[in-house]
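A.B. asks: Before I ask anything, here is the structure I am working with.
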Amino acid sequence: MLEVKNLYKSFGKTRVIRGVNLEVSKGQRHAVIGPNGAGKTTLFHLFSGNYKPERGKIIFNGFDITGMSPHKINRLGLARSFQITNVFKGLSVLENIRAVVLSKHGIRFNFYKNVERMDGINEECLAILEKIGLRDRKDVLAGELSYGEQRALEIGLAIASDPLLILLDEPTAGMSMDETREAVKLIDEITKGRTLIIIEHDMDVVFTLADIITVIHYGEVIASGAPESIRANQDVKKAYLGKD
Amino acid sequence: MKRGRLISWAFFLMLMLLLVGLPFILSEYYLNLVITMIIYSLFALSYNILLGNAGLLSFGHAAYFGIGAYTSVILFKRLGVSLIPGILAGGVSGGLLGLLFGAFVVRLGGTYFALLTLAFNELIYAAAEKWRGLSGGEDGVAAMRPAFHIPGFGGIDMFPTKNWYYFVLVVVVLSAAFCWYFRKTPLGRLNECLRENEDRARFIGYNTYASKVVIYIISCFFAGIAGALAGAFQEFVTVTFINLDKAAEVLIMTFIGGSGTFWGPILGGCFLVYFNDLLSSMTEHWALIQGSIFVLLVMYAPQGLSGLIIQLKTRLCPTKQ
């Protein structure tokens, strides 16, 4: 599904990503962990087209997406969420989701149809809202939702296009224990059978959700494998779990 | 919800009845003033697609108004084009110029967008001033507005104010209806997404640059239509159609009326045209008063007149949400 070969990215003189190789196969739930500043979010920016890599290749579902613009990558079936909530705050919850669903159906430049009357589209939106638990809140402005609800909408925007690959960037960031538990349940449900890459700091979340864990440290992959093997890995302990 | 919609329709119908009846009530002078109000309402509506819906502050919308006016008047004069094709050509010329300039300006946001629109406006102004052979320079171009030809029916003379009023009314109501409907279409909704969070729109599959160019063209098309109507109305066009005063005027109208609602720009357009007329008959310092009102509104009622009306409404009927 996703194949990353020898990826490099620098900002000025700082090398943030140094030769990352990664393979995510279909249906896998892959967690990327690592200390702050390890380059995890930069990787997502590279995969989703926000940054252009210096060197290396990113192959997604058979397409070379290296250096492609974000909207093209998204149309190929790769969707992402953001670490810092990044929704359309002045629009209603329904409209947030509808923007994604319209785009998914290729309805992007239409200026003669009334969106309120597009029944198929609206039903699809309501089904997604049902899944993320925001159906009752559909007419509320996204900016007026509680933090937990905004995070759910953030995930909703990523899954609404029914993507082949979902990238979730710290979906539980800033959440309370209860909210985190709810969020994990939600992510677990909506990503069943899909391919997922998740960046997460909360180890409970990682070990609940992930089939494979990759550990990044100073822009390099220092370990990759099943959760048990990562837990036992000495390098990882030193770099990341070191204090324990 | 249903009751609200009923009230809206009733309000709309009453407004239409009033507009249709105006020529029977008003004197020639005031009918002319209403025509100006209607034309400028459309100009402000086109502007609000950028300011209110897209959140883009343009200082150069007069360029499209002006080119629409020049196009129609020059076509009437040189080629003897009839009314509808002339007005439409004004809109198309606005749209084409919007494509040309929009391809540059929408790449940037905020201050740079504003400055670039200003620069392009000056460019068109300079062209109109210097290209005497076509535009007549500061002397401008004059042309009588042609009759309105209906195939198989003959022509309707546009010289009587009443006829011209109805023609303008139909064109503006149709254009305004489109602007109203546009906000409900996928591209119109996207326009608001771009205002809220352009960056996120890219990550859900929108080519935001191309979308903004298309939206810019639509806005410029209607500015061109408004300009064409204004040119045909005055039967004369000169560089004052393009200068910065004109560019500022539409901004002030939209702001005074309120950019947050559909009716705001219409209200602002009517208010400013009427007020300027009223004040200019009383004092020659009317620009000073107009400026003061603008300052007061920006400071104390940034939602404009329509915002004040909504506030008043919620205060009068506090139970209604």
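Chain labels run A, B, ... following the order of the structure tokens; each chain numbers its residues from 1, and ligands are numbered from 1 in the order shown.
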Write out as number ranges by chain each polymer residue whose atoms come within 12 Å of Phe178 of chain B, counting only C-alpha atoms; drop sequence neighbours fewer than 6 positions from it.
C.D. replies: A: 111-114; B: 42, 45-46, 49, 171-172, 184-185, 188, 218-219, 221-222, 262
A.B. asks: If you keep C-alpha atoms, can you produce a file of those selected residues as a short mmCIF file (atom, residue, chain, number, x, y, z; two decimals), in the first residue's frame?
C.D. replies:
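again_18.cif was written with the following content:
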data_model
loop_
_atom_site.label_atom_id
_atom_site.label_comp_id
_atom_site.auth_asym_id
_atom_site.auth_seq_id
_atom_site.Cartn_x
_atom_site.Cartn_y
_atom_site.Cartn_z
CA PHE A 111 -22.09 25.96 -9.36
CA TYR A 112 -25.58 25.04 -10.46
CA LYS A 113 -26.72 22.35 -8.02
CA ASN A 114 -28.13 23.01 -4.57
CA LEU B 42 -25.17 44.28 -8.04
CA LEU B 45 -23.02 41.78 -4.45
CA SER B 46 -20.31 40.72 -6.87
CA ILE B 49 -18.43 36.97 -3.25
CA VAL B 171 -30.91 41.91 -15.32
CA VAL B 172 -29.98 42.71 -11.72
CA LYS B 184 -25.81 26.96 -1.91
CA THR B 185 -23.86 25.18 -4.64
CA GLY B 188 -20.15 28.33 -3.31
CA ILE B 218 -17.54 34.66 -11.34
CA SER B 219 -17.21 37.71 -9.11
CA PHE B 221 -18.22 38.66 -14.39
CA PHE B 222 -20.97 40.25 -12.30
CA PHE B 262 -26.61 38.23 1.44
#
A.B. asks: Which residues are close to Gly143 of chain A, i.e. within 8 Å by only C-alpha atoms, leaving aside same-chain residues fewer than 4 positions away? Reply as a ChimeraX atom specification.
C.D. replies: /A:88-91,150
A.B. asks: What's the separation between atom CA of Leu145 of chain A and atom CA of Ser92 of chain A, in Å to one decimal place?
C.D. replies: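 Distance reported for this atom pair: 9.8 Å.
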A.B. asks: Could the residues of chain A within 8 Å of chain B, counting only C-alpha atoms, be given as an mmCIF file with C-alpha atoms, in the first residue's frame, please?
C.D. replies:
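Wrote selection-v3.cif, looks like this:
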data_model
loop_
_atom_site.group_PDB
_atom_site.id
_atom_site.type_symbol
_atom_site.label_atom_id
_atom_site.label_comp_id
_atom_site.auth_asym_id
_atom_site.auth_seq_id
_atom_site.Cartn_x
_atom_site.Cartn_y
_atom_site.Cartn_z
ATOM 1 C CA SER A 48 0.583 13.843 2.191
ATOM 2 C CA PRO A 70 -1.698 17.413 -1.578
ATOM 3 C CA HIS A 71 -4.979 17.457 -3.489
ATOM 4 C CA LYS A 72 -3.700 14.965 -6.063
ATOM 5 C CA ILE A 73 -2.389 12.622 -3.390
ATOM 6 C CA ASN A 74 -5.719 12.863 -1.596
ATOM 7 C CA ARG A 75 -7.599 11.996 -4.762
ATOM 8 C CA ALA A 79 -6.221 11.058 3.692
ATOM 9 C CA ARG A 80 -4.773 12.539 6.849
ATOM 10 C CA ASN A 86 -7.613 21.744 11.610
ATOM 11 C CA VAL A 87 -11.305 21.900 10.732
ATOM 12 C CA PHE A 88 -13.539 24.508 9.081
ATOM 13 C CA LYS A 89 -14.438 26.286 12.298
ATOM 14 C CA GLY A 90 -16.982 28.760 10.951
ATOM 15 C CA LEU A 91 -18.988 26.073 9.165
ATOM 16 C CA ALA A 99 -16.922 19.258 1.804
ATOM 17 C CA VAL A 100 -15.038 15.971 1.931
ATOM 18 C CA LEU A 102 -18.413 16.269 -2.391
ATOM 19 C CA SER A 103 -14.727 16.164 -3.183
ATOM 20 C CA LYS A 104 -14.694 12.371 -3.011
ATOM 21 C CA ILE A 107 -18.138 17.483 -7.355
ATOM 22 C CA ARG A 108 -15.683 20.331 -6.952
ATOM 23 C CA PHE A 109 -16.502 23.047 -9.475
ATOM 24 C CA ASN A 110 -20.250 22.642 -9.683
ATOM 25 C CA PHE A 111 -22.086 25.956 -9.359
ATOM 26 C CA TYR A 112 -25.583 25.043 -10.459
ATOM 27 C CA LYS A 113 -26.716 22.347 -8.020
ATOM 28 C CA ASN A 114 -28.126 23.015 -4.571
ATOM 29 C CA VAL A 115 -26.194 21.002 -1.990
ATOM 30 C CA GLU A 116 -29.251 20.805 0.280
ATOM 31 C CA LEU A 157 -12.621 14.621 7.850
ATOM 32 C CA ALA A 158 -9.907 12.038 7.264
ATOM 33 C CA SER A 161 -13.515 10.239 1.697
#
A.B. asks: What's the separation between atom CA of Leu126 of chain A and atom CA of Leu153 of chain A, in Å to one decimal place?
C.D. replies: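 Spanning atom CA of Leu126 of chain A to atom CA of Leu153 of chain A is a straight-line distance of 12.6 Å.
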A.B. asks: Run DSSP on the backbone and give me the residues of segment 72-152 of chain A it puts in alpha helix (DSSP H), as a PyMOL selection string.
C.D. replies: chain A and resi 72-75+93-104+119-131+147-152
A.B. asks: Restricting the output to C-alpha atoms, write the selected residues as a CSV table (one decimal), in the first residue's frame.
C.D. replies:
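Now in result_14.csv:
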chain,number,residue,atom,x,y,z
A,72,LYS,CA,-3.7,15.0,-6.1
A,73,ILE,CA,-2.4,12.6,-3.4
A,74,ASN,CA,-5.7,12.9,-1.6
A,75,ARG,CA,-7.6,12.0,-4.8
A,93,VAL,CA,-20.3,20.0,11.4
A,94,LEU,CA,-22.4,18.7,8.5
A,95,GLU,CA,-20.8,21.1,6.1
A,96,ASN,CA,-17.3,20.1,7.2
A,97,ILE,CA,-18.0,16.5,6.3
A,98,ARG,CA,-20.0,17.4,3.2
A,99,ALA,CA,-16.9,19.3,1.8
A,100,VAL,CA,-15.0,16.0,1.9
A,101,VAL,CA,-17.9,13.9,0.5
A,102,LEU,CA,-18.4,16.3,-2.4
A,103,SER,CA,-14.7,16.2,-3.2
A,104,LYS,CA,-14.7,12.4,-3.0
A,119,ASP,CA,-29.9,13.6,-1.1
A,120,GLY,CA,-27.3,10.9,-1.8
A,121,ILE,CA,-24.5,13.1,-0.6
A,122,ASN,CA,-26.3,14.3,2.5
A,123,GLU,CA,-27.3,10.7,3.5
A,124,GLU,CA,-23.7,9.7,3.1
A,125,CYS,CA,-22.6,12.6,5.3
A,126,LEU,CA,-25.2,11.7,8.0
A,127,ALA,CA,-23.9,8.1,8.0
A,128,ILE,CA,-20.4,9.3,8.6
A,129,LEU,CA,-21.6,11.7,11.4
A,130,GLU,CA,-23.4,8.7,13.0
A,131,LYS,CA,-20.1,6.8,13.0
A,147,TYR,CA,-12.4,19.7,22.3
A,148,GLY,CA,-13.1,16.0,22.2
A,149,GLU,CA,-15.8,16.5,19.6
A,150,GLN,CA,-13.5,18.6,17.4
A,151,ARG,CA,-11.0,15.8,17.5
A,152,ALA,CA,-13.7,13.4,16.4
A.B. asks: Please list as JSON, numbers by chain every residue within 7 Å of Pro53 of chain A, counting only C-alpha atoms and excluding residues in the same chain fewer than 5 positions away.
C.D. replies: {"A": [7, 8, 9, 46, 67]}
A.B. asks: Mind dumping the selected residues with C-alpha atoms as a compact mmCIF listing (two decimals), in the first residue's frame?
C.D. replies:
# COMPACT_ATOMS: atom_id res chain seq x y z
CA LEU A 7 13.63 9.37 2.22
CA TYR A 8 15.52 12.56 3.12
CA LYS A 9 14.31 15.99 4.19
CA LEU A 46 6.01 14.26 3.19
CA GLY A 67 6.58 15.59 -4.63
A.B. asks: Tell me which of B:Ile256, B:Ala119, B:Val173, B:Leu33 sits closest to Met299 of chain B, counting only C-alpha atoms.
C.D. replies: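 Going through B:Ile256, B:Ala119, B:Val173, B:Leu33 one by one, the smallest distance to Met299 of chain B is for B:Ile256.
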A.B. asks: Could you go through segment 11-236 of chain A and tell me which residues DSSP, when run on the backbone, assigns to strand (DSSP E), listing them as a PyMOL selection string?
C.D. replies: chain A and resi 11+14-24+29-33+55-60+63-64+78-80+165-169+195-199+212-217+220-225
A.B. asks: Between atom CA of Ala160 of chain A and atom CA of Leu134 of chain A, what distance in Å does the model show, to one decimal?
C.D. replies: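 So the answer is 13.0 Å.
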A.B. asks: Which residue is closest to Gly12 of chain A? Choose from A:Arg29, A:Glu54, A:Pro163, A:Tyr218 and count only C-alpha atoms.
C.D. replies: A:Glu54
A.B. asks: Would you kindly return, as a count of residues only, each protein, DNA or RNA residue with an atom no farther than 12 Å from any atom of Phe101 of chain B, considering only C-alpha atoms and excluding same-chain residues fewer than 2 positions away?
C.D. replies: 31
A.B. asks: Closest to Phe65 of chain B among B:Ala228, B:Ile84, B:Met16, B:Val34, using only C-alpha atoms?
C.D. replies: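 For Phe65 of chain B, the nearest of the given residues is B:Ala228.
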A.B. asks: Which one of A:Gln83, A:Ser25, A:Asp188, A:Val140 sits closest to Met175 of chain A if you count only C-alpha atoms?
C.D. replies: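 With only C-alpha atoms as the atom set, the closest residue is A:Gln83.
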A.B. asks: Measuring atom to atom with only C-alpha atoms, identify which of A:Ile230, A:Ala173, A:Leu196, A:Val215 is nearest to Ile159 of chain A.
C.D. replies: A:Leu196
A.B. asks: From the set A:Ser10, A:Thr172, A:Ser229, A:Ser146, which residue has the shortest atom-to-atom contact distance to Glu200 of chain A, counting only C-alpha atoms?
C.D. replies: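 Using only C-alpha atoms, the shortest distance to Glu200 of chain A belongs to A:Thr172.
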A.B. asks: Which residues come within 9 Å of Ile33 of chain A, counting only C-alpha atoms, excluding same-chain residues fewer than 4 positions away, as a list in words?
C.D. replies: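 Listed by chain and then number, they are Ala38, Lys40, Ile198, Ile199, Glu200, His201, Met203, Val206, Ile213, Thr214, Val215, Ile216, His217 and Tyr240 of chain A.
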A.B. asks: For segment 156-162 of chain B, list every protein, DNA or RNA residue within 12 Å, evaluated using only C-alpha atoms, and leave out those in the same chain fewer than 6 positions away; present the list as JSON, numbers by chain.
C.D. replies: {"B": [19, 20, 21, 22, 23, 24, 25, 26, 27, 28, 29, 30, 31, 32, 33, 34, 35, 36, 82, 83, 84, 144, 145, 146, 147, 148, 149, 150, 168, 169, 232, 233, 234, 235]}
